[in-house]
Amino acid sequence: MKPERREILVQILNEWELKNKSFDWMDDAVCKGTDTSLFFFELGDGQKEMAAAKAVCVTCPVQQECLVFAVDNGFEYGVWGGMSSRQRKAWRIQRNKMRKAR
Ligand code: SF4
C-alpha cells in the first residue's frame, strides 16, 4: 500500500533536525494540496506574488500555528503564516523580547 502524502511529508520533516515538530495543524491548512510555488515564488518576484500568497493565508484557520512552526524552525524562504521572511524575523525578535520580559 502506498504511504499517504502526509505520512511522506512527516517522514521527511522528521529527518530534518527541526526544533518544532508539531505537524497536526497541517491537516487543516488552506494551502493543503495546492501548488506550493504560490508560497515559494522566485527571488525577485514582487509585491503582487507576495500579496497573492498572503491573501490565501489570511483565510487559513491554522495561520498562527504555521507562523510559529516556521519561526521556531528558522525557515527563511517563502510565505508562512501570512508573513514574509522579513516579517517573520521581526516577529521572532518581538516574541523573544516578550519572553525575556516575563
Ligand atoms: S498560513 Fe498560509 S502557508 Fe500557512 S498553512 Fe495556512 S495557507 Fe498555508
# chains A, B, ... in the order shown; residues from 1 in each chain; ligands from 1
$ residues_around --residues "A:Leu13" --least-positions-apart "5" --cutoff "12 Å" --atoms "only C-alpha atoms" --output "short mmCIF file (atom, residue, chain, number, x, y, z; two decimals) with N, CA and C atoms, in the first residue's frame"
data_model
loop_
_atom_site.label_atom_id
_atom_site.label_comp_id
_atom_site.auth_asym_id
_atom_site.auth_seq_id
_atom_site.Cartn_x
_atom_site.Cartn_y
_atom_site.Cartn_z
N ARG A 6 0.71 12.83 3.43
CA ARG A 6 1.02 13.42 4.72
C ARG A 6 2.09 12.60 5.45
N GLU A 7 1.99 11.26 5.36
CA GLU A 7 2.99 10.40 6.00
C GLU A 7 4.37 10.66 5.42
N ILE A 8 4.43 10.84 4.12
CA ILE A 8 5.72 11.10 3.46
C ILE A 8 6.28 12.43 3.95
N LEU A 18 14.47 19.49 13.20
CA LEU A 18 13.58 20.61 13.50
C LEU A 18 13.41 20.78 15.00
N LYS A 19 13.29 22.02 15.42
CA LYS A 19 13.03 22.29 16.84
C LYS A 19 11.55 22.07 17.14
N ASN A 20 10.72 22.48 16.22
CA ASN A 20 9.27 22.35 16.38
C ASN A 20 8.78 21.27 15.42
N LYS A 21 8.32 20.15 15.97
CA LYS A 21 7.88 19.04 15.13
C LYS A 21 6.38 18.80 15.24
N SER A 22 5.64 19.87 15.46
CA SER A 22 4.18 19.72 15.51
C SER A 22 3.64 19.84 14.09
N PHE A 23 3.07 18.74 13.60
CA PHE A 23 2.60 18.70 12.22
C PHE A 23 1.08 18.63 12.09
N PHE A 69 5.51 27.50 13.63
CA PHE A 69 6.30 26.39 13.09
C PHE A 69 7.48 26.90 12.28
N ASN A 73 11.49 26.93 13.54
CA ASN A 73 12.44 26.13 12.77
C ASN A 73 13.36 26.96 11.88
#
$ select_by_dssp --residues "chain A" --states "alpha helix (DSSP H)" --output "ChimeraX atom specification"
/A:5-15,47-57,63-72,85-101
$ residues_near_ligand --ligand "ligand 1" --cutoff "7 Å" --atoms "only C-alpha atoms and all ligand atoms" --output "ChimeraX atom specification"
/A:26,29-32,39,54,56-58,60-63,66-67,79-82
$ atom_distance --atom1 "atom CA of A:Asn96" --atom2 "atom CA of A:Phe41"
28.4 Å
$ atom_distance --atom1 "atom CA of A:Gly33" --atom2 "atom CA of A:Arg92"
27.6 Å
$ closest_residue --among "A:Gln11, A:Lys100, A:Phe75, A:Ala53" --to "A:Arg88" --atoms "only C-alpha atoms"
A:Phe75
$ atom_distance --atom1 "atom CA of A:Ala55" --atom2 "atom CA of A:Val68"
18.6 Å
$ residues_around --residues "A:Ser37" --least-positions-apart "6" --cutoff "12 Å" --atoms "only C-alpha atoms" --output "PDB file with C-alpha atoms, in the first residue's frame"
ATOM      1  CA  CYS A  31      -2.988  25.519   1.198  1.00  0.00           C
ATOM      2  CA  LEU A  43      13.541  35.661  -5.757  1.00  0.00           C
ATOM      3  CA  ASP A  45       9.223  38.492  -7.760  1.00  0.00           C
ATOM      4  CA  GLU A  49       3.160  37.497  -5.756  1.00  0.00           C
ATOM      5  CA  MET A  50       3.600  38.186  -2.061  1.00  0.00           C
ATOM      6  CA  ALA A  52      -1.397  36.607  -3.597  1.00  0.00           C
ATOM      7  CA  ALA A  53       0.171  34.238  -1.064  1.00  0.00           C
ATOM      8  CA  TYR A  77      12.154  31.265   2.455  1.00  0.00           C
ATOM      9  CA  GLY A  78       8.588  31.618   1.341  1.00  0.00           C
ATOM     10  CA  VAL A  79       5.448  32.881   2.973  1.00  0.00           C
TER      11      VAL A  79
END
$ closest_residue --among "A:Leu9, A:Asp28, A:Arg95, A:Lys89" --to "A:Thr59" --atoms "only C-alpha atoms"
A:Asp28
$ closest_residue --among "A:Ala101, A:Met83, A:Asp35, A:Glu76" --to "A:Gln64" --atoms "only C-alpha atoms"
A:Met83
$ decode --residues "chain A" --atoms "C-alpha atoms" --output "JSON list (two decimals), in the first residue's frame"
[["chain", "number", "residue", "atom", "x", "y", "z"],
["A", 1, "MET", "CA", 0.00, 0.00, 0.00],
["A", 2, "LYS", "CA", 1.28, 3.46, -0.93],
["A", 3, "PRO", "CA", 2.00, 5.77, 2.01],
["A", 4, "GLU", "CA", -0.22, 8.83, 2.26],
["A", 5, "ARG", "CA", 1.20, 12.16, 1.14],
["A", 6, "ARG", "CA", 1.02, 13.42, 4.72],
["A", 7, "GLU", "CA", 2.99, 10.40, 6.00],
["A", 8, "ILE", "CA", 5.72, 11.10, 3.46],
["A", 9, "LEU", "CA", 5.85, 14.76, 4.46],
["A", 10, "VAL", "CA", 6.03, 13.91, 8.16],
["A", 11, "GLN", "CA", 8.77, 11.36, 7.45],
["A", 12, "ILE", "CA", 10.81, 13.99, 5.57],
["A", 13, "LEU", "CA", 10.25, 16.59, 8.27],
["A", 14, "ASN", "CA", 11.24, 14.06, 10.93],
["A", 15, "GLU", "CA", 14.52, 13.52, 9.15],
["A", 16, "TRP", "CA", 15.30, 17.21, 9.39],
["A", 17, "GLU", "CA", 16.56, 18.43, 12.71],
["A", 18, "LEU", "CA", 13.58, 20.61, 13.50],
["A", 19, "LYS", "CA", 13.03, 22.29, 16.84],
["A", 20, "ASN", "CA", 9.27, 22.35, 16.38],
["A", 21, "LYS", "CA", 7.88, 19.04, 15.13],
["A", 22, "SER", "CA", 4.18, 19.72, 15.51],
["A", 23, "PHE", "CA", 2.60, 18.70, 12.22],
["A", 24, "ASP", "CA", -1.05, 18.14, 13.09],
["A", 25, "TRP", "CA", -2.08, 21.67, 12.14],
["A", 26, "MET", "CA", -1.10, 20.93, 8.52],
["A", 27, "ASP", "CA", -4.23, 18.83, 8.11],
["A", 28, "ASP", "CA", -6.33, 21.99, 8.39],
["A", 29, "ALA", "CA", -4.16, 24.21, 6.20],
["A", 30, "VAL", "CA", -6.00, 26.07, 3.46],
["A", 31, "CYS", "CA", -2.99, 25.52, 1.20],
["A", 32, "LYS", "CA", -3.02, 21.75, 1.69],
["A", 33, "GLY", "CA", -2.70, 20.12, -1.70],
["A", 34, "THR", "CA", -2.19, 23.39, -3.56],
["A", 35, "ASP", "CA", 0.73, 24.43, -5.72],
["A", 36, "THR", "CA", 3.47, 25.42, -3.29],
["A", 37, "SER", "CA", 5.01, 27.78, -5.85],
["A", 38, "LEU", "CA", 2.36, 30.27, -4.70],
["A", 39, "PHE", "CA", 4.21, 30.46, -1.39],
["A", 40, "PHE", "CA", 7.74, 29.92, -2.64],
["A", 41, "PHE", "CA", 7.91, 32.29, -5.57],
["A", 42, "GLU", "CA", 11.13, 33.21, -7.30],
["A", 43, "LEU", "CA", 13.54, 35.66, -5.76],
["A", 44, "GLY", "CA", 12.97, 38.98, -7.43],
["A", 45, "ASP", "CA", 9.22, 38.49, -7.76],
["A", 46, "GLY", "CA", 7.36, 41.46, -6.48],
["A", 47, "GLN", "CA", 4.64, 42.55, -4.16],
["A", 48, "LYS", "CA", 1.96, 41.05, -6.40],
["A", 49, "GLU", "CA", 3.16, 37.50, -5.76],
["A", 50, "MET", "CA", 3.60, 38.19, -2.06],
["A", 51, "ALA", "CA", 0.10, 39.64, -1.82],
["A", 52, "ALA", "CA", -1.40, 36.61, -3.60],
["A", 53, "ALA", "CA", 0.17, 34.24, -1.06],
["A", 54, "LYS", "CA", -0.86, 36.37, 1.89],
["A", 55, "ALA", "CA", -4.42, 36.55, 0.58],
["A", 56, "VAL", "CA", -4.62, 32.77, 0.93],
["A", 57, "CYS", "CA", -3.03, 32.76, 4.38],
["A", 58, "VAL", "CA", -5.46, 35.31, 5.77],
["A", 59, "THR", "CA", -8.29, 32.78, 5.29],
["A", 60, "CYS", "CA", -6.38, 29.93, 6.92],
["A", 61, "PRO", "CA", -7.53, 28.59, 10.31],
["A", 62, "VAL", "CA", -4.00, 27.49, 11.23],
["A", 63, "GLN", "CA", -2.19, 30.69, 10.35],
["A", 64, "GLN", "CA", -0.75, 31.12, 13.85],
["A", 65, "GLU", "CA", 0.45, 27.51, 14.06],
["A", 66, "CYS", "CA", 2.06, 27.82, 10.63],
["A", 67, "LEU", "CA", 3.83, 31.02, 11.63],
["A", 68, "VAL", "CA", 5.14, 29.55, 14.89],
["A", 69, "PHE", "CA", 6.30, 26.39, 13.09],
["A", 70, "ALA", "CA", 8.27, 28.39, 10.52],
["A", 71, "VAL", "CA", 9.78, 30.77, 13.07],
["A", 72, "ASP", "CA", 10.69, 28.01, 15.54],
["A", 73, "ASN", "CA", 12.44, 26.13, 12.77],
["A", 74, "GLY", "CA", 14.16, 29.15, 11.25],
["A", 75, "PHE", "CA", 12.64, 28.80, 7.78],
["A", 76, "GLU", "CA", 13.99, 31.67, 5.72],
["A", 77, "TYR", "CA", 12.15, 31.27, 2.46],
["A", 78, "GLY", "CA", 8.59, 31.62, 1.34],
["A", 79, "VAL", "CA", 5.45, 32.88, 2.97],
["A", 80, "TRP", "CA", 4.48, 31.10, 6.18],
["A", 81, "GLY", "CA", 1.65, 32.15, 8.44],
["A", 82, "GLY", "CA", 0.90, 35.06, 6.18],
["A", 83, "MET", "CA", 4.30, 36.65, 6.67],
["A", 84, "SER", "CA", 7.34, 37.20, 4.51],
["A", 85, "SER", "CA", 10.78, 36.20, 5.67],
["A", 86, "ARG", "CA", 11.50, 39.75, 6.82],
["A", 87, "GLN", "CA", 8.21, 39.97, 8.72],
["A", 88, "ARG", "CA", 8.86, 36.63, 10.44],
["A", 89, "LYS", "CA", 12.27, 37.80, 11.54],
["A", 90, "ALA", "CA", 10.75, 40.93, 13.10],
["A", 91, "TRP", "CA", 8.01, 38.83, 14.72],
["A", 92, "ARG", "CA", 10.61, 36.44, 16.18],
["A", 93, "ILE", "CA", 12.62, 39.31, 17.65],
["A", 94, "GLN", "CA", 9.46, 40.77, 19.19],
["A", 95, "ARG", "CA", 8.45, 37.36, 20.59],
["A", 96, "ASN", "CA", 11.89, 36.86, 22.12],
["A", 97, "LYS", "CA", 11.71, 40.28, 23.78],
["A", 98, "MET", "CA", 8.31, 39.49, 25.24],
["A", 99, "ARG", "CA", 9.54, 36.12, 26.54],
["A", 100, "LYS", "CA", 12.53, 37.74, 28.22],
["A", 101, "ALA", "CA", 10.31, 40.38, 29.80],
["A", 102, "ARG", "CA", 8.21, 37.73, 31.57]]
